[in-house]
Each structure stands twice: as structure tokens, then as C-alpha cells.
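Asker: Sharing structure_18.txt (compact mmCIF, C-alpha atoms) below.
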# COMPACT_ATOMS: atom_id res chain seq x y z
CA MET Z 1 -68.92 84.60 49.47
CA LYS Z 2 -70.34 87.62 51.27
CA TYR Z 3 -71.47 86.23 54.63
CA CYS Z 4 -69.75 84.13 57.26
CA SER Z 5 -70.90 80.51 57.11
CA ASN Z 6 -70.12 80.13 60.81
CA CYS Z 7 -72.02 83.12 62.23
CA GLY Z 8 -73.93 84.76 59.37
CA SER Z 9 -72.18 88.14 59.64
CA PRO Z 10 -70.96 89.98 56.53
CA VAL Z 11 -67.37 89.13 55.60
CA GLY Z 12 -64.67 91.28 54.02
CA ARG Z 13 -61.90 90.24 51.67
CA ARG Z 14 -58.38 90.96 52.92
CA VAL Z 15 -55.01 89.37 53.59
CA PRO Z 16 -55.03 87.81 57.09
CA PRO Z 17 -51.95 88.29 59.30
CA GLY Z 18 -49.19 85.90 58.27
CA ASP Z 19 -50.88 85.09 54.97
CA SER Z 20 -50.00 86.34 51.50
CA LEU Z 21 -53.36 86.12 49.70
CA PRO Z 22 -56.73 87.83 50.27
CA ARG Z 23 -59.33 85.65 52.00
CA TYR Z 24 -62.89 86.12 53.14
CA VAL Z 25 -62.44 87.09 56.79
CA CYS Z 26 -65.17 87.48 59.42
CA ASP Z 27 -64.50 90.23 61.92
CA ALA Z 28 -67.42 89.08 64.09
CA CYS Z 29 -66.22 85.55 64.85
CA GLY Z 30 -62.67 85.53 63.43
CA SER Z 31 -63.31 82.81 60.85
CA ILE Z 32 -61.16 82.76 57.71
CA HIS Z 33 -62.91 81.18 54.72
CA TYR Z 34 -60.39 79.59 52.36
CA GLN Z 35 -61.38 78.67 48.82
CA ASN Z 36 -59.40 75.95 47.09
CA PRO Z 37 -59.45 73.99 43.83
CA LYS Z 38 -61.74 71.01 43.51
CA LEU Z 39 -60.84 67.56 42.22
CA VAL Z 40 -62.88 66.16 39.35
CA VAL Z 41 -62.25 62.42 39.21
CA GLY Z 42 -63.20 59.94 36.52
CA ALA Z 43 -62.32 56.80 34.62
CA VAL Z 44 -61.32 55.67 31.13
CA PRO Z 45 -63.33 52.42 30.97
CA GLU Z 46 -62.15 50.02 28.27
CA TRP Z 47 -63.87 47.02 26.68
CA ASP Z 48 -61.94 45.13 24.03
CA GLY Z 49 -60.06 48.20 22.80
CA ARG Z 50 -63.08 50.48 22.85
CA LEU Z 51 -63.68 53.26 25.40
CA LEU Z 52 -66.89 54.13 27.21
CA LEU Z 53 -68.18 57.67 26.73
CA CYS Z 54 -71.29 59.41 28.07
CA ARG Z 55 -73.31 62.10 26.30
CA ARG Z 56 -74.11 64.80 28.81
CA ALA Z 57 -77.70 65.42 29.88
CA ILE Z 58 -76.69 68.46 31.97
CA GLU Z 59 -74.96 71.78 31.56
CA PRO Z 60 -72.24 72.72 31.01
CA ARG Z 61 -71.75 71.11 27.60
CA TYR Z 62 -75.19 69.51 27.33
CA GLY Z 63 -75.23 66.99 24.47
CA TYR Z 64 -71.44 66.66 24.26
CA TRP Z 65 -69.48 63.49 24.97
CA THR Z 66 -67.36 62.95 28.05
CA LEU Z 67 -65.67 60.31 30.12
CA PRO Z 68 -67.58 59.44 33.30
CA ALA Z 69 -66.28 61.88 35.95
CA GLY Z 70 -67.45 64.25 38.64
CA PHE Z 71 -66.57 66.12 41.80
CA MET Z 72 -64.86 64.02 44.43
CA GLU Z 73 -66.90 63.96 47.66
CA ASN Z 74 -65.75 64.45 51.23
CA GLY Z 75 -65.04 61.16 52.96
CA GLU Z 76 -64.10 59.18 49.87
CA THR Z 77 -60.82 58.28 48.19
CA ALA Z 78 -59.96 59.40 44.67
CA ALA Z 79 -60.25 55.80 43.46
CA ALA Z 80 -63.69 55.42 45.06
CA ALA Z 81 -64.82 58.64 43.37
CA ALA Z 82 -63.84 57.28 39.95
CA VAL Z 83 -65.79 54.05 40.52
CA ARG Z 84 -68.83 55.90 41.91
CA GLU Z 85 -69.00 58.44 39.08
CA THR Z 86 -68.75 55.68 36.48
CA LEU Z 87 -71.61 53.84 38.11
CA GLU Z 88 -73.72 56.99 38.49
CA GLU Z 89 -73.24 58.41 35.00
CA ALA Z 90 -72.88 55.26 32.91
CA GLY Z 91 -74.43 52.52 35.06
CA ALA Z 92 -71.15 50.75 34.50
CA GLN Z 93 -69.20 48.44 36.79
CA ILE Z 94 -65.42 48.79 36.42
CA GLU Z 95 -62.20 47.44 37.81
CA LEU Z 96 -59.81 50.35 38.29
CA ALA Z 97 -56.32 50.31 36.80
CA PRO Z 98 -53.55 52.82 37.67
CA ALA Z 99 -54.11 56.56 37.56
CA PHE Z 100 -53.60 57.77 34.01
CA SER Z 101 -53.89 61.56 33.69
CA MET Z 102 -53.94 64.57 35.98
CA ILE Z 103 -54.66 67.93 34.39
CA SER Z 104 -54.81 71.27 36.21
CA VAL Z 105 -57.42 73.73 34.96
CA PRO Z 106 -56.57 76.89 36.91
CA ALA Z 107 -59.12 79.03 35.05
CA VAL Z 108 -61.92 77.15 36.81
CA ASN Z 109 -60.01 76.12 39.96
CA GLN Z 110 -60.11 72.41 39.18
CA VAL Z 111 -57.78 69.45 38.84
CA HIS Z 112 -59.06 66.63 36.63
CA LEU Z 113 -57.86 63.13 37.44
CA PHE Z 114 -58.59 60.02 35.37
CA TYR Z 115 -57.88 56.36 36.11
CA ARG Z 116 -57.64 53.66 33.50
CA ALA Z 117 -60.32 51.00 34.04
CA ARG Z 118 -61.62 47.72 32.71
CA LEU Z 119 -65.33 47.48 32.07
CA LEU Z 120 -66.63 44.35 33.81
CA ASP Z 121 -69.67 43.73 31.59
CA LEU Z 122 -71.81 45.37 28.92
CA GLU Z 123 -74.74 46.13 31.23
CA PHE Z 124 -74.11 49.89 31.15
CA LYS Z 125 -76.96 52.37 30.74
CA PRO Z 126 -77.24 56.17 31.02
CA GLY Z 127 -77.68 57.61 34.51
CA ALA Z 128 -79.66 60.77 35.30
CA GLU Z 129 -76.85 63.02 34.03
CA SER Z 130 -76.32 61.19 30.71
CA LEU Z 131 -78.40 61.07 27.50
CA GLU Z 132 -76.64 57.98 26.20
CA VAL Z 133 -73.61 55.82 26.88
CA ALA Z 134 -71.63 54.00 24.21
CA LEU Z 135 -68.33 52.31 23.38
CA PHE Z 136 -66.05 53.90 20.78
CA GLU Z 137 -63.02 52.64 18.94
CA GLU Z 138 -60.44 55.33 18.18
CA ALA Z 139 -61.70 56.12 14.66
CA ALA Z 140 -65.28 56.48 15.90
CA VAL Z 141 -64.64 58.90 18.80
CA PRO Z 142 -66.71 62.05 18.19
CA TRP Z 143 -63.65 64.27 18.60
CA ARG Z 144 -65.42 67.49 17.64
CA ASP Z 145 -68.15 66.81 20.17
CA VAL Z 146 -65.96 66.03 23.17
CA ALA Z 147 -67.21 68.08 26.12
CA PHE Z 148 -63.97 69.16 27.80
CA ARG Z 149 -60.34 69.65 26.78
CA THR Z 150 -59.17 67.49 29.67
CA VAL Z 151 -61.27 64.61 28.32
CA GLY Z 152 -59.95 65.08 24.78
CA LEU Z 153 -56.35 65.15 26.04
CA THR Z 154 -56.91 62.05 28.16
CA LEU Z 155 -58.43 60.14 25.24
CA LYS Z 156 -55.56 61.15 22.94
CA HIS Z 157 -52.99 60.04 25.51
CA TRP Z 158 -54.80 56.73 25.94
CA PHE Z 159 -54.84 55.85 22.25
CA ALA Z 160 -51.25 57.07 21.79
CA ASP Z 161 -50.02 55.00 24.74
CA ARG Z 162 -51.86 51.94 23.47
CA SER Z 163 -50.23 52.38 20.06
CA ARG Z 164 -46.76 52.48 21.55
CA GLY Z 165 -47.53 49.51 23.79
CA GLY Z 166 -47.38 51.00 27.28
CA PHE Z 167 -49.51 53.26 29.48
CA GLY Z 168 -47.88 56.09 31.42
CA PHE Z 169 -49.09 58.74 33.85
CA HIS Z 170 -49.69 62.09 32.18
CA THR Z 171 -49.67 65.43 33.97
CA GLU Z 172 -50.28 68.74 32.29
CA ASP Z 173 -52.16 72.04 32.47
CA VAL Z 174 -54.78 73.64 30.26
CA ASN Z 175 -55.33 77.40 29.77
CA MET R 1 -71.40 75.59 58.03
CA LYS R 2 -74.62 76.98 59.54
CA TYR R 3 -75.29 80.12 57.51
CA CYS R 4 -75.53 80.81 53.80
CA SER R 5 -72.40 82.51 52.48
CA ASN R 6 -74.47 84.12 49.73
CA CYS R 7 -77.24 85.70 51.78
CA GLY R 8 -76.45 85.14 55.48
CA SER R 9 -79.61 83.12 56.24
CA PRO R 10 -79.43 79.93 58.32
CA VAL R 11 -78.93 76.81 56.21
CA GLY R 12 -80.22 73.28 56.72
CA ARG R 13 -78.60 70.00 55.80
CA ARG R 14 -80.62 67.81 53.43
CA VAL R 15 -80.44 65.96 50.13
CA PRO R 16 -81.27 68.35 47.26
CA PRO R 17 -83.56 67.10 44.46
CA GLY R 18 -81.62 64.92 42.04
CA ASP R 19 -78.71 64.53 44.44
CA SER R 20 -77.82 61.55 46.62
CA LEU R 21 -75.93 63.18 49.49
CA PRO R 22 -76.93 65.73 52.12
CA ARG R 23 -75.72 69.28 51.42
CA TYR R 24 -76.06 72.61 53.18
CA VAL R 25 -79.05 74.14 51.43
CA CYS R 26 -80.36 77.70 51.80
CA ASP R 27 -84.14 77.96 51.60
CA ALA R 28 -83.93 81.76 51.44
CA CYS R 29 -81.84 82.11 48.26
CA GLY R 30 -81.71 78.54 46.94
CA SER R 31 -77.92 78.17 47.18
CA ILE R 32 -76.47 74.70 47.64
CA HIS R 33 -73.14 74.71 49.45
CA TYR R 34 -70.99 71.78 48.37
CA GLN R 35 -68.01 70.73 50.42
CA ASN R 36 -65.26 68.81 48.67
CA PRO R 37 -61.80 67.44 49.44
CA LYS R 38 -58.79 69.73 49.25
CA LEU R 39 -55.52 69.09 47.48
CA VAL R 40 -52.33 69.37 49.52
CA VAL R 41 -49.42 69.65 47.09
CA GLY R 42 -45.72 69.42 47.77
CA ALA R 43 -42.30 68.36 46.54
CA VAL R 44 -39.56 65.85 47.31
CA PRO R 45 -36.54 68.08 46.71
CA GLU R 46 -33.28 66.17 46.20
CA TRP R 47 -29.67 67.30 46.38
CA ASP R 48 -26.99 64.71 45.71
CA GLY R 49 -29.06 61.82 47.06
CA ARG R 50 -30.29 63.69 50.11
CA LEU R 51 -33.84 64.98 50.59
CA LEU R 52 -34.96 68.35 51.94
CA LEU R 53 -37.22 68.26 54.99
CA CYS R 54 -38.77 71.07 57.05
CA ARG R 55 -39.43 71.02 60.78
CA ARG R 56 -42.88 72.47 61.36
CA ALA R 57 -43.30 75.76 63.22
CA ILE R 58 -47.10 75.46 63.17
CA GLU R 59 -49.82 73.09 64.29
CA PRO R 60 -50.76 70.42 63.56
CA ARG R 61 -47.60 68.45 64.29
CA TYR R 62 -45.51 71.38 65.55
CA GLY R 63 -41.85 70.35 65.76
CA TYR R 64 -42.20 67.33 63.47
CA TRP R 65 -40.51 66.93 60.10
CA THR R 66 -42.31 67.15 56.78
CA LEU R 67 -41.76 67.62 53.09
CA PRO R 68 -42.58 71.14 51.89
CA ALA R 69 -46.30 71.08 51.01
CA GLY R 70 -49.51 72.97 51.51
CA PHE R 71 -53.00 73.68 50.26
CA MET R 72 -53.23 74.33 46.53
CA GLU R 73 -54.67 77.79 45.86
CA ASN R 74 -57.38 78.83 43.43
CA GLY R 75 -55.95 80.01 40.12
CA GLU R 76 -52.76 77.96 40.21
CA THR R 77 -51.72 74.64 38.74
CA ALA R 78 -50.69 71.68 40.89
CA ALA R 79 -47.10 72.05 39.68
CA ALA R 80 -47.08 75.76 40.57
CA ALA R 81 -48.39 74.92 44.03
CA ALA R 82 -45.51 72.52 44.65
CA VAL R 83 -42.93 75.12 43.61
CA ARG R 84 -44.60 77.88 45.67
CA GLU R 85 -44.90 75.81 48.84
CA THR R 86 -41.26 74.75 48.60
CA LEU R 87 -40.19 78.37 48.29
CA GLU R 88 -42.49 79.51 51.13
CA GLU R 89 -41.65 76.81 53.65
CA ALA R 90 -38.03 76.06 52.83
CA GLY R 91 -36.82 79.14 50.95
CA ALA R 92 -35.73 76.64 48.32
CA GLN R 93 -35.65 76.94 44.54
CA ILE R 94 -36.45 73.70 42.74
CA GLU R 95 -36.83 72.28 39.27
CA LEU R 96 -39.88 69.99 39.26
CA ALA R 97 -39.66 66.41 38.04
CA PRO R 98 -42.68 64.14 37.36
CA ALA R 99 -45.46 63.66 39.90
CA PHE R 100 -44.42 60.94 42.34
CA SER R 101 -47.16 60.12 44.86
CA MET R 102 -50.87 60.79 45.30
CA ILE R 103 -52.43 59.65 48.56
CA SER R 104 -56.09 60.04 49.52
CA VAL R 105 -56.78 60.82 53.18
CA PRO R 106 -60.57 60.53 53.37
CA ALA R 107 -60.66 60.96 57.17
CA VAL R 108 -59.67 64.62 56.73
CA ASN R 109 -61.08 65.14 53.21
CA GLN R 110 -57.69 65.64 51.59
CA VAL R 111 -55.61 64.30 48.71
CA HIS R 112 -51.85 64.70 49.12
CA LEU R 113 -49.81 65.03 45.93
CA PHE R 114 -46.01 65.13 45.78
CA TYR R 115 -43.70 65.85 42.84
CA ARG R 116 -40.10 64.79 42.63
CA ALA R 117 -37.80 67.81 42.37
CA ARG R 118 -34.18 68.83 42.02
CA LEU R 119 -32.89 71.43 44.43
CA LEU R 120 -31.20 74.19 42.41
CA ASP R 121 -28.81 75.44 45.10
CA LEU R 122 -28.12 75.21 48.83
CA GLU R 123 -29.49 78.67 49.66
CA PHE R 124 -32.53 77.26 51.49
CA LYS R 125 -33.66 78.69 54.83
CA PRO R 126 -36.77 78.19 57.01
CA GLY R 127 -39.86 80.19 56.07
CA ALA R 128 -42.41 81.46 58.59
CA GLU R 129 -44.01 78.02 58.96
CA SER R 130 -40.73 76.13 59.51
CA LEU R 131 -38.36 75.93 62.49
CA GLU R 132 -35.50 74.53 60.44
CA VAL R 133 -34.77 73.04 57.04
CA ALA R 134 -32.18 70.38 56.36
CA LEU R 135 -31.02 67.69 53.93
CA PHE R 136 -31.18 64.05 55.01
CA GLU R 137 -29.72 60.91 53.55
CA GLU R 138 -31.87 57.80 54.01
CA ALA R 139 -30.20 56.60 57.21
CA ALA R 140 -30.51 60.04 58.82
CA VAL R 141 -34.21 60.64 58.18
CA PRO R 142 -35.95 61.20 61.55
CA TRP R 143 -38.55 58.52 60.78
CA ARG R 144 -40.16 58.61 64.22
CA ASP R 145 -40.57 62.36 63.98
CA VAL R 146 -42.14 62.55 60.54
CA ALA R 147 -45.25 64.74 60.76
CA PHE R 148 -47.71 62.92 58.49
CA ARG R 149 -48.21 59.37 57.23
CA THR R 150 -48.43 60.59 53.65
CA VAL R 151 -44.97 62.13 54.01
CA GLY R 152 -43.52 58.96 55.53
CA LEU R 153 -45.01 56.83 52.75
CA THR R 154 -43.70 59.20 50.08
CA LEU R 155 -40.19 59.18 51.56
CA LYS R 156 -40.20 55.37 51.77
CA HIS R 157 -41.34 55.08 48.14
CA TRP R 158 -38.64 57.51 47.06
CA PHE R 159 -35.77 55.62 48.70
CA ALA R 160 -37.17 52.25 47.54
CA ASP R 161 -37.52 53.48 43.96
CA ARG R 162 -34.01 54.89 44.01
CA SER R 163 -32.66 51.55 45.25
CA ARG R 164 -34.30 49.65 42.43
CA GLY R 165 -33.11 52.21 39.89
CA GLY R 166 -36.38 53.78 38.67
CA PHE R 167 -39.01 56.16 39.93
CA GLY R 168 -42.71 55.35 39.51
CA PHE R 169 -45.96 57.09 40.34
CA HIS R 170 -47.52 55.82 43.57
CA THR R 171 -51.19 56.07 44.45
CA GLU R 172 -52.69 54.81 47.69
CA ASP R 173 -55.03 55.65 50.55
CA VAL R 174 -54.48 56.06 54.27
CA ASN R 175 -57.06 55.33 57.00
Rewrite the structure from the file as C-alpha cells, please.
Answerer:
Amino acid sequence: MKYCSNCGSPVGRRVPPGDSLPRYVCDACGSIHYQNPKLVVGAVPEWDGRLLLCRRAIEPRYGYWTLPAGFMENGETAAAAAVRETLEEAGAQIELAPAFSMISVPAVNQVHLFYRARLLDLEFKPGAESLEVALFEEAAVPWRDVAFRTVGLTLKHWFADRSRGGFGFHTEDVN
Amino acid sequence: MKYCSNCGSPVGRRVPPGDSLPRYVCDACGSIHYQNPKLVVGAVPEWDGRLLLCRRAIEPRYGYWTLPAGFMENGETAAAAAVRETLEEAGAQIELAPAFSMISVPAVNQVHLFYRARLLDLEFKPGAESLEVALFEEAAVPWRDVAFRTVGLTLKHWFADRSRGGFGFHTEDVN
């Protein structure tokens, strides 16, 4: 950021009074422009022991496989974001189950949150941001072509939890 | 937002190609300015069955009681944010326990996340944003003077879970 989004004047980066971190501050109108991590929210849709993955039609990681997920929007709940992204990217209708993993990625100022989910039918089809959508049993997951570490960790937790007979909530950090 | 933070030109609000929601778009430099929910992260610090609350020295909800919490910063993990906010607002050192509650507040574009925590000593003292800091057993919690619904819900879940002998992870929405 170099200009004030409220008045269009150039902004400087300094620690405001009473704060402890540098912010973009506008001397013209007094606005302080905070920048905070974004939530990426998605689902782990299951059908009969297989999980739904999407092959990305966009950068970053074009051509790699991911769980349906995307940036949470203003005005929606985290659960609604998971349902919406699954519909947008995989054309898939799901019933959400409890939250399953939450992984901080401080290097890119993101927190990735995944819910377990039950696929309601097999009418899925790739959305504009996906090349293809398919169901994978554990042995068939294209592990070397998984798009993001948070997705790989979430998939590993899911299969491990299923093996031991109970699903938990997993929090961790990457990088 | 009315001006482009990249180039200072006025921005308009419209749906960019390939998108489905209106965004602030700059025709001068092509920037699209997304606005997404923020994470508010905090802790539920316990000492011998009592919980640490802070009385707010800032708006909103000046004078009301809250758990230590605040906006997660770029470059940090959610867990680090909970520890930092507890130190800043309550002068308190904690050892984090598992994540405990995650509550979407779509009306203000926020997600509130609280971790359970163990207070490491009794050397707490109010930070700049707190009037006072104190430990409360369940019967002494100032329920009518709790600052935010997400804090009240988190406190209720905590005492209910303790009564039944096990702590879960609670997700819900308010509004």
C-alpha cells in the first residue's frame, strides 16, 4: 500500500501512537490501514471412503490437486464459505461435518481451515477454477501432485483419523 | 475504500470478470482490492479453576469484561497471536492448550478464535488496553458485563465442558 484508500493521499509506514507495529498511516486524513491474515476455508468431502479433490485451473499451482477451498468473504460464516467454495470449484453439494483442521501459514499471512463434509450426490463437475474433479481412495491420492502443504497435511490427518476410528480437530503451523 | 492504495486513483465498485461479487476495482492500474474477514484470536487462561478476564480500557465496550484477544497480525501464527494478546492485555504468561472455540461474526466480518490456556503465574497486570485484570470462578463471572457475545459463549462452553469432565472444540455463528 502506498496511497490512502480513504482520501487518496500518499501514506507512510510507521508505528502509530499506542501501537507496537508499523502500519500504513495517512497524515492527510489520519487513517491507519491495518493489514491482517486472511482465512482460506474449505472442505474435505467424502463419498464412501473416498475424498473429492480438484485439479487447479488457476495459478498458483496450476494443474496440481487440492481440496475445494478459497478466501472467506465478508458477510459470510466460515461454514458458509466452505459450502460455497465446494460448490464453486467442484460443483458439489455437501453436508458439513465438524471443523477438522486449522493450519497457520504465516509466510503468506493466511490461516487455512477445513471442515469434514459428506458429499450428497455424485453430480459434481469442475467449476471455472478447476480442470477436473475426482474421488480418490487413500492409495490413489496423487500425493506428489498435491497443490499445498496444508492440503497434504489435512488429507494425511483425515486418513490417519479414519484408520484409528475417530476424527479430531487438528491445529498446526507450516513454515 | 474510495481510492486505490496502489496508485491513488479513485476506485469503483463492480464485479470483476470471472468473479461473482463486487470488488473495489481501479481502472487506472487494474488493481482489485479484496476485503475479507479478520481473525480475532485470544485465550481462556485458567488458574486453579478460575478464568482470567480483562476489563476493557478502550472502545468498543469500554468498561466491560472480556477474555484477552485481539486482531491476529501478519506474519504470526494463530497460536502466537493468542499468547501475544494475553501478554499485551493482561501482562500474563500462559501455556497454550488446544483450540477451544471458533465463532463466526458475519455482521462485522470477523471470526473469533479462542485457545484454552494455563496461566503460568499470578504476576498478571493490566496492559494499556485494560482497566483491570482478575480471576473469576464460575459464580463470580460478571455475566451481564461481558463485552462480547463470543466471549460469553466461550466462557459458558468452558464451564459446561469442565462440568462434564472433557473439553471439546466448539464452532458456531452469532447474528
Asker: Taking only C-alpha atoms into account, name the residue in R:Val111, R:Val133, R:Cys29, R:Leu96 that is nearest to chain Z.
Answerer: R:Val111
Asker: Mind dumping a table of every chain Z residue within 7 Å of chain R, with the nearest atom pair and its distance in Å to one decimal, using all atoms listed in the file, sorted by chain and rising number, as JSON lines?
Answerer:
{"residue": "Z:Met1", "atom": "CA", "partner": "R:Ser5", "partner_atom": "CA", "distance": 5.1}
{"residue": "Z:Lys2", "atom": "CA", "partner": "R:Asn6", "partner_atom": "CA", "distance": 5.6}
{"residue": "Z:Tyr3", "atom": "CA", "partner": "R:Ser5", "partner_atom": "CA", "distance": 4.4}
{"residue": "Z:Cys4", "atom": "CA", "partner": "R:Ser5", "partner_atom": "CA", "distance": 5.7}
{"residue": "Z:Ser5", "atom": "CA", "partner": "R:Tyr3", "partner_atom": "CA", "distance": 4.4}
{"residue": "Z:Asn6", "atom": "CA", "partner": "R:Met1", "partner_atom": "CA", "distance": 5.5}
{"residue": "Z:Cys7", "atom": "CA", "partner": "R:Tyr3", "partner_atom": "CA", "distance": 6.5}
{"residue": "Z:Gly8", "atom": "CA", "partner": "R:Gly8", "partner_atom": "CA", "distance": 4.7}
{"residue": "Z:Ser9", "atom": "CA", "partner": "R:Gly8", "partner_atom": "CA", "distance": 6.7}
{"residue": "Z:Gln35", "atom": "CA", "partner": "R:Asn74", "partner_atom": "CA", "distance": 6.7}
{"residue": "Z:Asn36", "atom": "CA", "partner": "R:Asn74", "partner_atom": "CA", "distance": 5.1}
{"residue": "Z:Pro37", "atom": "CA", "partner": "R:Asn74", "partner_atom": "CA", "distance": 5.3}
{"residue": "Z:Lys38", "atom": "CA", "partner": "R:Lys38", "partner_atom": "CA", "distance": 6.6}
{"residue": "Z:Met72", "atom": "CA", "partner": "R:Asn36", "partner_atom": "CA", "distance": 6.4}
{"residue": "Z:Glu73", "atom": "CA", "partner": "R:Asn36", "partner_atom": "CA", "distance": 5.2}
{"residue": "Z:Asn74", "atom": "CA", "partner": "R:Asn36", "partner_atom": "CA", "distance": 5.1}
{"residue": "Z:Gly75", "atom": "CA", "partner": "R:Pro106", "partner_atom": "CA", "distance": 4.5}
{"residue": "Z:Glu76", "atom": "CA", "partner": "R:Pro106", "partner_atom": "CA", "distance": 5.2}
{"residue": "Z:Thr77", "atom": "CA", "partner": "R:Ser104", "partner_atom": "CA", "distance": 5.2}
{"residue": "Z:Ala78", "atom": "CA", "partner": "R:Ser104", "partner_atom": "CA", "distance": 6.2}
{"residue": "Z:Ser104", "atom": "CA", "partner": "R:Thr77", "partner_atom": "CA", "distance": 5.2}
{"residue": "Z:Val105", "atom": "CA", "partner": "R:Thr77", "partner_atom": "CA", "distance": 6.9}
{"residue": "Z:Pro106", "atom": "CA", "partner": "R:Gly75", "partner_atom": "CA", "distance": 4.5}
{"residue": "Z:Ala107", "atom": "CA", "partner": "R:Gly75", "partner_atom": "CA", "distance": 6.1}
{"residue": "Z:Asn109", "atom": "CA", "partner": "R:Asn74", "partner_atom": "CA", "distance": 5.1}
{"residue": "Z:Asp173", "atom": "CA", "partner": "R:Thr77", "partner_atom": "CA", "distance": 6.8}
Asker: To one decimal place in Å, what is the distance between atom CA of Z:Ala69 and atom CA of R:Thr150?
Answerer: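 Atom CA of R:Thr150 lies 25.2 Å from atom CA of Z:Ala69.
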Asker: Nearest to R:Leu52: which of R:Gly165, R:Leu67, R:Glu89, R:Ala139 is it, counting only C-alpha atoms?
Answerer: R:Leu67
Asker: What is the atom CA of R:Phe114 to atom CA of R:Phe167 distance in Å?
Answerer: 12.8 Å
Asker: To test the calculation: enclose all listed atoms of stretch 115-124 of chain R in a box whose edges run along x, y and z, add 4 Å on each side, then state centre and edge lengths in Å to one decimal, as JSON.
Answerer:
{"center_x": -35.9, "center_y": 71.7, "center_z": 46.8, "size_x": 23.6, "size_y": 21.9, "size_z": 17.5}
Asker: One number please: atom CA of Z:Val41 to atom CA of Z:Pro60, in Å, one decimal.
Answerer: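 About the pair atom CA of Z:Val41 and atom CA of Z:Pro60: they are 16.5 Å apart.
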Asker: Just want the 8 Å neighbourhood of Z:Arg13, counted on all atoms listed in the file, with same-chain residues fewer than 2 positions away dropped. Output as a compact mmCIF listing (two decimals) with C-alpha atoms, in the coordinates of the input.
Answerer:
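Below is the file that was written, selection-v8.txt:
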# COMPACT_ATOMS: atom_id res chain seq x y z
CA VAL Z 11 -67.37 89.13 55.60
CA VAL Z 15 -55.01 89.37 53.59
CA PRO Z 22 -56.73 87.83 50.27
CA ARG Z 23 -59.33 85.65 52.00
CA TYR Z 24 -62.89 86.12 53.14
CA VAL Z 25 -62.44 87.09 56.79
Asker: With all atoms listed in the file as the basis for distance, which of R:Trp47, R:Ala140, R:Leu131, R:Arg55 is at the shortest distance from R:Glu95?
Answerer: R:Trp47
Asker: Would you mind telling me which residue in R:Ala28, R:Glu138, R:Val146, R:Phe124 lies nearest to R:Arg162 when using all atoms listed in the file?
Answerer: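 Going through R:Ala28, R:Glu138, R:Val146, R:Phe124 one by one, the smallest distance to R:Arg162 is for R:Glu138.
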Asker: Could stretch 128-148 of chain Z be completed with N, CA and C atoms and returned as a JSON list (two decimals), keeping the file's coordinate frame?
Answerer:
[["chain", "number", "residue", "atom", "x", "y", "z"],
["Z", 128, "ALA", "N", -78.83, 59.56, 35.39],
["Z", 128, "ALA", "CA", -79.66, 60.77, 35.30],
["Z", 128, "ALA", "C", -78.94, 61.91, 34.58],
["Z", 129, "GLU", "N", -77.59, 61.89, 34.62],
["Z", 129, "GLU", "CA", -76.85, 63.02, 34.03],
["Z", 129, "GLU", "C", -76.35, 62.72, 32.63],
["Z", 130, "SER", "N", -76.77, 61.58, 32.05],
["Z", 130, "SER", "CA", -76.32, 61.19, 30.71],
["Z", 130, "SER", "C", -77.51, 60.94, 29.78],
["Z", 131, "LEU", "N", -77.37, 61.35, 28.52],
["Z", 131, "LEU", "CA", -78.40, 61.07, 27.50],
["Z", 131, "LEU", "C", -78.21, 59.67, 26.92],
["Z", 132, "GLU", "N", -76.95, 59.31, 26.69],
["Z", 132, "GLU", "CA", -76.64, 57.98, 26.20],
["Z", 132, "GLU", "C", -75.23, 57.62, 26.60],
["Z", 133, "VAL", "N", -74.93, 56.34, 26.53],
["Z", 133, "VAL", "CA", -73.61, 55.82, 26.88],
["Z", 133, "VAL", "C", -73.24, 54.82, 25.79],
["Z", 134, "ALA", "N", -72.01, 54.90, 25.30],
["Z", 134, "ALA", "CA", -71.63, 54.00, 24.21],
["Z", 134, "ALA", "C", -70.13, 53.75, 24.21],
["Z", 135, "LEU", "N", -69.74, 52.65, 23.54],
["Z", 135, "LEU", "CA", -68.33, 52.31, 23.38],
["Z", 135, "LEU", "C", -67.84, 52.81, 22.02],
["Z", 136, "PHE", "N", -66.61, 53.34, 22.01],
["Z", 136, "PHE", "CA", -66.05, 53.90, 20.78],
["Z", 136, "PHE", "C", -64.65, 53.36, 20.54],
["Z", 137, "GLU", "N", -64.41, 52.88, 19.33],
["Z", 137, "GLU", "CA", -63.02, 52.64, 18.94],
["Z", 137, "GLU", "C", -62.43, 53.99, 18.53],
["Z", 138, "GLU", "N", -61.10, 54.04, 18.39],
["Z", 138, "GLU", "CA", -60.44, 55.33, 18.18],
["Z", 138, "GLU", "C", -61.03, 56.10, 17.00],
["Z", 139, "ALA", "N", -61.24, 55.42, 15.86],
["Z", 139, "ALA", "CA", -61.70, 56.12, 14.66],
["Z", 139, "ALA", "C", -63.12, 56.65, 14.81],
["Z", 140, "ALA", "N", -63.86, 56.10, 15.76],
["Z", 140, "ALA", "CA", -65.28, 56.48, 15.90],
["Z", 140, "ALA", "C", -65.51, 57.54, 16.98],
["Z", 141, "VAL", "N", -64.46, 57.89, 17.74],
["Z", 141, "VAL", "CA", -64.64, 58.90, 18.80],
["Z", 141, "VAL", "C", -65.13, 60.21, 18.17],
["Z", 142, "PRO", "N", -66.19, 60.78, 18.71],
["Z", 142, "PRO", "CA", -66.71, 62.05, 18.19],
["Z", 142, "PRO", "C", -65.86, 63.23, 18.66],
["Z", 143, "TRP", "N", -64.64, 63.33, 18.09],
["Z", 143, "TRP", "CA", -63.65, 64.27, 18.60],
["Z", 143, "TRP", "C", -64.16, 65.71, 18.65],
["Z", 144, "ARG", "N", -64.95, 66.10, 17.68],
["Z", 144, "ARG", "CA", -65.42, 67.49, 17.64],
["Z", 144, "ARG", "C", -66.53, 67.74, 18.65],
["Z", 145, "ASP", "N", -67.07, 66.68, 19.20],
["Z", 145, "ASP", "CA", -68.15, 66.81, 20.17],
["Z", 145, "ASP", "C", -67.73, 66.33, 21.56],
["Z", 146, "VAL", "N", -66.42, 66.38, 21.82],
["Z", 146, "VAL", "CA", -65.96, 66.03, 23.17],
["Z", 146, "VAL", "C", -66.18, 67.24, 24.08],
["Z", 147, "ALA", "N", -66.71, 67.00, 25.27],
["Z", 147, "ALA", "CA", -67.21, 68.08, 26.12],
["Z", 147, "ALA", "C", -66.11, 68.99, 26.68],
["Z", 148, "PHE", "N", -64.99, 68.39, 27.08],
["Z", 148, "PHE", "CA", -63.97, 69.16, 27.80],
["Z", 148, "PHE", "C", -62.58, 68.85, 27.25]]
